[in-house]
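Asks: The structure that follows is given in the form of structure tokens.
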Amino acid sequence: MRLLFGTVFALAIAAAIGLGATWIALTRGTAYGGVTIGAWTAWPKSGTPGIDPYARAMVARTGDLPVGSGDGVAFYARADDAGLPLDGRCDVLVSGITPQARFWTMTLYNLEGRLVANSVQRQGFTSQEIIRKADGSFDVTVGPRARPGNWLPTGGVEKYLLVLRLYDTPIGMAARTGREAPMPSISKRACL
Amino acid sequence: MIRMTLWLLGALLLGGIVHLATVLILPRMATQDAYARVSAIAPVNSVIAVPPPTPENALMPFMDPAFAVSVCRYDLSRAPLKFSVPISQAYTSVSFYTRSDVPYYAINDRAAGRRVIELDLMTAAQRAELPEDQDITAADRLIVTSPTTTGLIMIRALVPELGAVPAARNALAAARCRPQ
């Protein structure tokens with residue numbers, strides 16, 4: 001009787017721990033080998049056959065296709081430089097320069113990876129469209145209300161993330177610091 | 001008390017095994033992965049244009065809206081594949097994914113160095129069967145080896161500004177992937 005009780009108890013705990021850990025790992029996005037520069041994080045290894053099992057399971061679950069490392073690299077930001085989650089009801093200033101790349105795009109998604117509907121049908125900028133300052137740097141205002149210059153509308157959603165994709169870039173697994181790969185800063189401004 | 005602790009320890013160990021096993025098995029069990037999503041719109045060994053992502057509808061999450069995309073879902077079980085796409089004005093890239101959505105090769109217009117990206121896709125076994133002399137004479141023939149018999153080729157052309165949509169779409173419309 002005692003043995004039976006013990007077995008059932010152990011199996012129940014094992015199932016709860018095992019499945020719970022898998023669920024948390026896959027929904028929280030805890031892949032290994034992330035390269036974090038400022039507010040931005042990329043997983044360059046996910047673009048190679050050396051992709052780790054967690055990233056692989058995540059890719060299978062979400063239906064996403066990672067950017068191949070021969071194509072480019074994608075940096076994700078879901079919080080600003082101060083670590084506060086990006087809030088679509090606030091103005092956020094993305095400012096600076098990007099690492100060397102032939103082209104880049106910056107796109108706004110909700111947390112599920114869908115584009116966000118807005119009145120001007122703008123979901124992102126390409127390096128060709130963006131208006132730069134005299135020194136080559138740029139400012140993008142991400143916010144709910146129209147702004148002069150580069151305005152990326154949030155559609156007023158509560159949470160979102162920004163994805164900066166660099167195409168045909170030498171930035172890869174070796175880049176670790178902001179000096180090799182200068183990423184734009186993300187700072188929060190006024191809220192609605 | 002000791003017996004209880006032992007049971008608990010055993011449970012923890014087993015939990016760890018369950019966790020690792022589920023993480024490793026999940027990619028094989030997934031029914032909504034990118035390959036499955038593409039299978040729903042694309043027949044085997046032909047190039048299909050992927051509709052641009054909108055807030056309401058997207059074939060896959062995190063698609064870059066700045067690109068025109070076509071896809072070829074390939075099956076090499078009968079014969080190797082010949083692939084070609086003319087490059088568009090801005091940036092064209094071709095990425096290869098295995099059946100389990102792992103990128104294993106990518107080439108872009110600049111690396112190709114020509115007006116057309118042209119290559120042969122085959123499995124390791126098919127490559128081994130190639131007559132040797134053929135391998136040498138066709139030195140400029142690009143051969144890509146696929147780790148799996150099925151997989152995806154994503155063809156992407158950058159649309160640097162809205163006016164360039166037709167040009168990018170035209171380049172992709174001329175893409176071919178055919179068994180040899």
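How things are named: the first chain in the structure tokens is A, the next is B, and so on; residues count from 1 in each chain; ligands count from 1 in the order shown.
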As a list in words, please: all residues of segment 15-129 of chain A that backbone DSSP puts in alpha helix (DSSP H).

Replies: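 Residues of segment 15-129 of chain A classed as alpha helix (DSSP H): Ala15, Ala16, Ile17, Gly18, Leu19, Gly20, Ala21, Thr22, Trp23, Ile24, Ala25, Leu26, Thr27, Arg28, Pro53, Tyr54, Ala55, Arg56, Ala57, Met58, Val59, Ala60, Arg61 and Thr62 of chain A.
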
Asks: May I have the selected residues written with N, CA, C and O atoms, as a compact mmCIF listing (two decimals), in the first residue's frame?

Replies:
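Final output, saved to selection35.txt:
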# COMPACT_ATOMS: atom_id res chain seq x y z
N ALA A 15 5.58 14.35 -13.24
CA ALA A 15 4.85 14.87 -14.40
C ALA A 15 4.64 16.36 -14.26
O ALA A 15 4.84 17.13 -15.21
N ALA A 16 4.25 16.80 -13.06
CA ALA A 16 3.99 18.22 -12.84
C ALA A 16 5.27 19.03 -13.05
O ALA A 16 5.26 20.04 -13.76
N ILE A 17 6.36 18.58 -12.48
CA ILE A 17 7.63 19.31 -12.60
C ILE A 17 8.11 19.32 -14.05
O ILE A 17 8.46 20.35 -14.61
N GLY A 18 8.10 18.12 -14.65
CA GLY A 18 8.63 18.00 -16.01
C GLY A 18 7.85 18.83 -17.00
O GLY A 18 8.42 19.63 -17.75
N LEU A 19 6.52 18.67 -17.02
CA LEU A 19 5.71 19.40 -17.99
C LEU A 19 5.69 20.89 -17.67
O LEU A 19 5.73 21.74 -18.55
N GLY A 20 5.65 21.20 -16.37
CA GLY A 20 5.65 22.60 -15.96
C GLY A 20 6.92 23.30 -16.41
O GLY A 20 6.88 24.40 -16.97
N ALA A 21 8.05 22.65 -16.23
CA ALA A 21 9.33 23.25 -16.62
C ALA A 21 9.37 23.45 -18.14
O ALA A 21 9.84 24.48 -18.63
N THR A 22 8.85 22.48 -18.88
CA THR A 22 8.83 22.61 -20.34
C THR A 22 7.96 23.79 -20.76
O THR A 22 8.33 24.61 -21.59
N TRP A 23 6.78 23.86 -20.14
CA TRP A 23 5.86 24.93 -20.47
C TRP A 23 6.49 26.30 -20.20
O TRP A 23 6.46 27.20 -21.03
N ILE A 24 7.08 26.44 -19.03
CA ILE A 24 7.70 27.73 -18.67
C ILE A 24 8.84 28.05 -19.62
O ILE A 24 8.94 29.16 -20.13
N ALA A 25 9.68 27.05 -19.90
CA ALA A 25 10.84 27.30 -20.77
C ALA A 25 10.38 27.76 -22.14
O ALA A 25 10.99 28.64 -22.75
N LEU A 26 9.29 27.19 -22.66
CA LEU A 26 8.89 27.49 -24.03
C LEU A 26 8.05 28.76 -24.12
O LEU A 26 8.03 29.42 -25.15
N THR A 27 7.34 29.12 -23.05
CA THR A 27 6.53 30.33 -23.15
C THR A 27 7.30 31.57 -22.72
O THR A 27 7.05 32.66 -23.21
N ARG A 28 8.27 31.40 -21.81
CA ARG A 28 9.04 32.56 -21.37
C ARG A 28 10.17 32.91 -22.33
O ARG A 28 10.76 33.96 -22.21
N PRO A 53 18.24 22.84 -28.32
CA PRO A 53 16.97 22.12 -28.28
C PRO A 53 15.81 22.98 -27.81
O PRO A 53 14.67 22.81 -28.27
N TYR A 54 16.08 23.93 -26.91
CA TYR A 54 14.99 24.78 -26.42
C TYR A 54 14.49 25.69 -27.53
O TYR A 54 13.29 25.84 -27.75
N ALA A 55 15.44 26.33 -28.23
CA ALA A 55 15.04 27.22 -29.33
C ALA A 55 14.31 26.42 -30.40
O ALA A 55 13.34 26.88 -30.99
N ARG A 56 14.75 25.20 -30.63
CA ARG A 56 14.13 24.34 -31.62
C ARG A 56 12.69 24.01 -31.26
O ARG A 56 11.79 24.06 -32.10
N ALA A 57 12.48 23.69 -29.99
CA ALA A 57 11.13 23.39 -29.53
C ALA A 57 10.26 24.63 -29.61
O ALA A 57 9.08 24.56 -29.99
N MET A 58 10.85 25.78 -29.31
CA MET A 58 10.09 27.03 -29.37
C MET A 58 9.66 27.34 -30.79
O MET A 58 8.54 27.75 -31.05
N VAL A 59 10.59 27.15 -31.73
CA VAL A 59 10.32 27.39 -33.13
C VAL A 59 9.18 26.47 -33.60
O VAL A 59 8.27 26.87 -34.31
N ALA A 60 9.22 25.20 -33.17
CA ALA A 60 8.20 24.24 -33.57
C ALA A 60 6.84 24.63 -32.98
O ALA A 60 5.81 24.46 -33.62
N ARG A 61 6.85 25.17 -31.78
CA ARG A 61 5.60 25.50 -31.12
C ARG A 61 4.95 26.75 -31.72
O ARG A 61 3.74 26.80 -31.91
N THR A 62 5.78 27.76 -32.02
CA THR A 62 5.22 29.03 -32.48
C THR A 62 4.97 29.03 -33.98
O THR A 62 4.15 29.79 -34.48

Asks: Residues of segment 88-170 of chain B that approach segment 124-139 of chain A to 10 Å or less, counting only C-alpha atoms: could you list each one with the shortest pair of atoms and its distance in Å to one decimal, rows by chain and increasing residue number, as CSV?

Replies:
residue,atom,partner,partner_atom,distance
B:Ala90,CA,A:Gln128,CA,9.9
B:Leu158,CA,A:Thr126,CA,9.2
B:Val159,CA,A:Thr126,CA,8.5
B:Pro160,CA,A:Gln128,CA,5.7
B:Glu161,CA,A:Glu129,CA,6.3
B:Leu162,CA,A:Glu129,CA,9.3

Asks: Produce a file of the selected residues containing N, CA, C and O atoms, as a short mmCIF file (atom, residue, chain, number, x, y, z; two decimals), in the first residue's frame.

Replies:
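result.cif, freshly written:
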data_model
loop_
_atom_site.label_atom_id
_atom_site.label_comp_id
_atom_site.auth_asym_id
_atom_site.auth_seq_id
_atom_site.Cartn_x
_atom_site.Cartn_y
_atom_site.Cartn_z
N ALA B 90 16.88 45.39 -54.91
CA ALA B 90 17.41 45.75 -53.60
C ALA B 90 18.21 44.62 -52.95
O ALA B 90 19.43 44.65 -52.91
N LEU B 158 13.64 42.10 -50.77
CA LEU B 158 13.36 43.29 -49.97
C LEU B 158 12.59 44.30 -50.79
O LEU B 158 12.88 44.54 -51.96
N VAL B 159 11.59 44.89 -50.14
CA VAL B 159 10.85 46.01 -50.73
C VAL B 159 11.28 47.24 -49.95
O VAL B 159 10.73 47.53 -48.89
N PRO B 160 12.33 47.95 -50.43
CA PRO B 160 12.89 49.04 -49.61
C PRO B 160 11.90 50.18 -49.40
O PRO B 160 11.93 50.85 -48.39
N GLU B 161 11.04 50.43 -50.39
CA GLU B 161 9.95 51.38 -50.19
C GLU B 161 8.75 50.89 -50.96
O GLU B 161 8.89 50.06 -51.85
N LEU B 162 7.57 51.43 -50.61
CA LEU B 162 6.33 50.85 -51.13
C LEU B 162 6.28 50.71 -52.64
O LEU B 162 5.76 49.75 -53.18
#

Asks: Pull out every residue of chain B sitting within 7 Å of chain A, counting only C-alpha atoms, and send them as a PyMOL selection string.

Replies: chain B and resi 7-8+10-12+14-16+18-19+22-24+26-27+30+32-34+54-55+60-62+66+93+95+101-108+160-161

Asks: Can you spit out the residues from that selection as a compact mmCIF listing (two decimals), in the first residue's frame, using N, CA, C and O atoms?

Replies:
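Done, and the output landed in again_9.txt:
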# COMPACT_ATOMS: atom_id res chain seq x y z
N TRP B 7 11.54 9.28 -2.00
CA TRP B 7 10.48 9.36 -3.03
C TRP B 7 10.53 10.71 -3.74
O TRP B 7 10.42 10.81 -4.95
N LEU B 8 10.70 11.76 -2.93
CA LEU B 8 10.71 13.12 -3.48
C LEU B 8 11.90 13.31 -4.43
O LEU B 8 11.78 13.88 -5.51
N GLY B 10 13.46 10.96 -6.04
CA GLY B 10 13.16 10.19 -7.24
C GLY B 10 12.22 10.95 -8.16
O GLY B 10 12.41 11.01 -9.38
N ALA B 11 11.23 11.60 -7.57
CA ALA B 11 10.25 12.37 -8.34
C ALA B 11 10.93 13.52 -9.07
O ALA B 11 10.66 13.78 -10.24
N LEU B 12 11.84 14.20 -8.38
CA LEU B 12 12.55 15.32 -8.99
C LEU B 12 13.36 14.85 -10.19
O LEU B 12 13.35 15.46 -11.26
N LEU B 14 12.93 12.17 -12.00
CA LEU B 14 12.02 11.75 -13.06
C LEU B 14 11.44 12.98 -13.76
O LEU B 14 11.29 13.02 -14.98
N GLY B 15 11.15 14.02 -12.96
CA GLY B 15 10.63 15.27 -13.52
C GLY B 15 11.61 15.87 -14.50
O GLY B 15 11.23 16.34 -15.57
N GLY B 16 12.88 15.84 -14.15
CA GLY B 16 13.92 16.35 -15.04
C GLY B 16 13.94 15.58 -16.35
O GLY B 16 14.03 16.17 -17.43
N VAL B 18 11.42 13.89 -17.67
CA VAL B 18 10.20 14.22 -18.41
C VAL B 18 10.39 15.55 -19.15
O VAL B 18 10.06 15.69 -20.32
N HIS B 19 10.98 16.53 -18.45
CA HIS B 19 11.21 17.85 -19.04
C HIS B 19 12.08 17.75 -20.29
O HIS B 19 11.71 18.23 -21.36
N THR B 22 10.29 15.90 -23.19
CA THR B 22 9.26 16.66 -23.89
C THR B 22 9.88 17.73 -24.78
O THR B 22 9.42 17.95 -25.90
N VAL B 23 10.96 18.38 -24.30
CA VAL B 23 11.61 19.41 -25.12
C VAL B 23 12.16 18.80 -26.41
O VAL B 23 12.05 19.37 -27.49
N LEU B 24 12.73 17.60 -26.29
CA LEU B 24 13.34 16.97 -27.47
C LEU B 24 12.28 16.41 -28.42
O LEU B 24 12.47 16.41 -29.64
N LEU B 26 9.08 17.49 -28.73
CA LEU B 26 8.13 18.49 -29.22
C LEU B 26 8.28 18.84 -30.70
O LEU B 26 7.27 18.88 -31.42
N PRO B 27 9.51 19.09 -31.21
CA PRO B 27 9.62 19.44 -32.63
C PRO B 27 9.04 18.38 -33.57
O PRO B 27 8.55 18.69 -34.64
N ALA B 30 4.97 18.66 -33.31
CA ALA B 30 4.29 19.92 -33.57
C ALA B 30 3.44 19.82 -34.83
O ALA B 30 3.88 19.29 -35.85
N GLN B 32 1.63 22.67 -35.84
CA GLN B 32 1.45 24.04 -36.33
C GLN B 32 2.80 24.70 -36.57
O GLN B 32 2.92 25.91 -36.47
N ASP B 33 3.82 23.90 -36.87
CA ASP B 33 5.12 24.50 -37.14
C ASP B 33 5.13 25.09 -38.55
O ASP B 33 4.16 24.94 -39.31
N ALA B 34 6.21 25.78 -38.88
CA ALA B 34 6.25 26.52 -40.15
C ALA B 34 6.05 25.57 -41.34
O ALA B 34 5.34 25.90 -42.29
N THR B 54 -0.45 40.66 -42.61
CA THR B 54 -1.26 41.79 -42.17
C THR B 54 -1.58 41.56 -40.69
O THR B 54 -1.37 40.47 -40.19
N PRO B 55 -2.09 42.60 -40.01
CA PRO B 55 -2.43 42.38 -38.59
C PRO B 55 -3.45 41.25 -38.41
O PRO B 55 -3.44 40.57 -37.39
N MET B 60 2.95 32.95 -40.92
CA MET B 60 3.79 32.62 -39.77
C MET B 60 3.91 33.84 -38.88
O MET B 60 3.74 34.96 -39.35
N PRO B 61 4.22 33.64 -37.60
CA PRO B 61 4.49 34.81 -36.75
C PRO B 61 5.83 35.44 -37.12
O PRO B 61 6.68 34.78 -37.72
N PHE B 62 6.01 36.67 -36.78
CA PHE B 62 7.27 37.39 -36.97
C PHE B 62 7.76 37.39 -38.41
O PHE B 62 8.95 37.26 -38.67
N ALA B 66 8.59 43.96 -44.68
CA ALA B 66 9.33 44.69 -45.69
C ALA B 66 9.79 43.79 -46.83
O ALA B 66 10.48 44.24 -47.73
N SER B 93 17.38 37.13 -51.00
CA SER B 93 18.06 36.06 -50.30
C SER B 93 17.25 34.78 -50.43
O SER B 93 16.03 34.80 -50.58
N SER B 95 16.89 31.17 -48.40
CA SER B 95 17.25 30.45 -47.18
C SER B 95 16.66 29.05 -47.25
O SER B 95 15.53 28.86 -47.66
N ASP B 101 12.39 22.85 -39.63
CA ASP B 101 12.48 24.32 -39.61
C ASP B 101 13.82 24.86 -39.13
O ASP B 101 13.90 25.96 -38.63
N VAL B 102 14.87 24.07 -39.27
CA VAL B 102 16.20 24.55 -38.90
C VAL B 102 16.91 25.08 -40.14
O VAL B 102 17.04 24.36 -41.13
N PRO B 103 17.34 26.36 -40.12
CA PRO B 103 18.03 26.89 -41.29
C PRO B 103 19.42 26.26 -41.43
O PRO B 103 20.16 26.19 -40.46
N TYR B 104 19.73 25.75 -42.62
CA TYR B 104 21.05 25.13 -42.78
C TYR B 104 21.88 25.80 -43.85
O TYR B 104 23.08 25.57 -43.94
N TYR B 105 21.28 26.64 -44.66
CA TYR B 105 22.06 27.32 -45.69
C TYR B 105 21.29 28.55 -46.15
O TYR B 105 20.07 28.56 -46.18
N ALA B 106 22.02 29.61 -46.46
CA ALA B 106 21.39 30.80 -47.02
C ALA B 106 22.36 31.46 -47.97
O ALA B 106 23.58 31.41 -47.76
N ILE B 107 21.84 32.02 -49.03
CA ILE B 107 22.70 32.74 -49.97
C ILE B 107 21.97 34.01 -50.37
O ILE B 107 20.74 34.04 -50.45
N ASN B 108 22.71 35.11 -50.59
CA ASN B 108 22.05 36.32 -51.05
C ASN B 108 22.61 36.75 -52.39
O ASN B 108 23.56 36.16 -52.91
N PRO B 160 12.33 47.95 -50.43
CA PRO B 160 12.89 49.04 -49.61
C PRO B 160 11.90 50.18 -49.40
O PRO B 160 11.93 50.85 -48.39
N GLU B 161 11.04 50.43 -50.39
CA GLU B 161 9.95 51.38 -50.19
C GLU B 161 8.75 50.89 -50.96
O GLU B 161 8.89 50.06 -51.85

Asks: For Tyr35 of chain B, list every protein, DNA or RNA residue within 8 Å, evaluated using only C-alpha atoms, and leave out those in the same chain fewer than 4 positions away; present the list as a list in words.

Replies: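 In the requested form, the answer reads Gly63 of chain A; Ser39, Arg99, Ser100, Asp101, Gly151 and Leu152 of chain B.
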
Asks: Pick the closest to Asp81 of chain A from A:Gly38, A:Arg145, A:Val120, A:Ser95: which is it, counting only C-alpha atoms?

Replies: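 With only C-alpha atoms as the atom set, the closest residue is A:Gly38.
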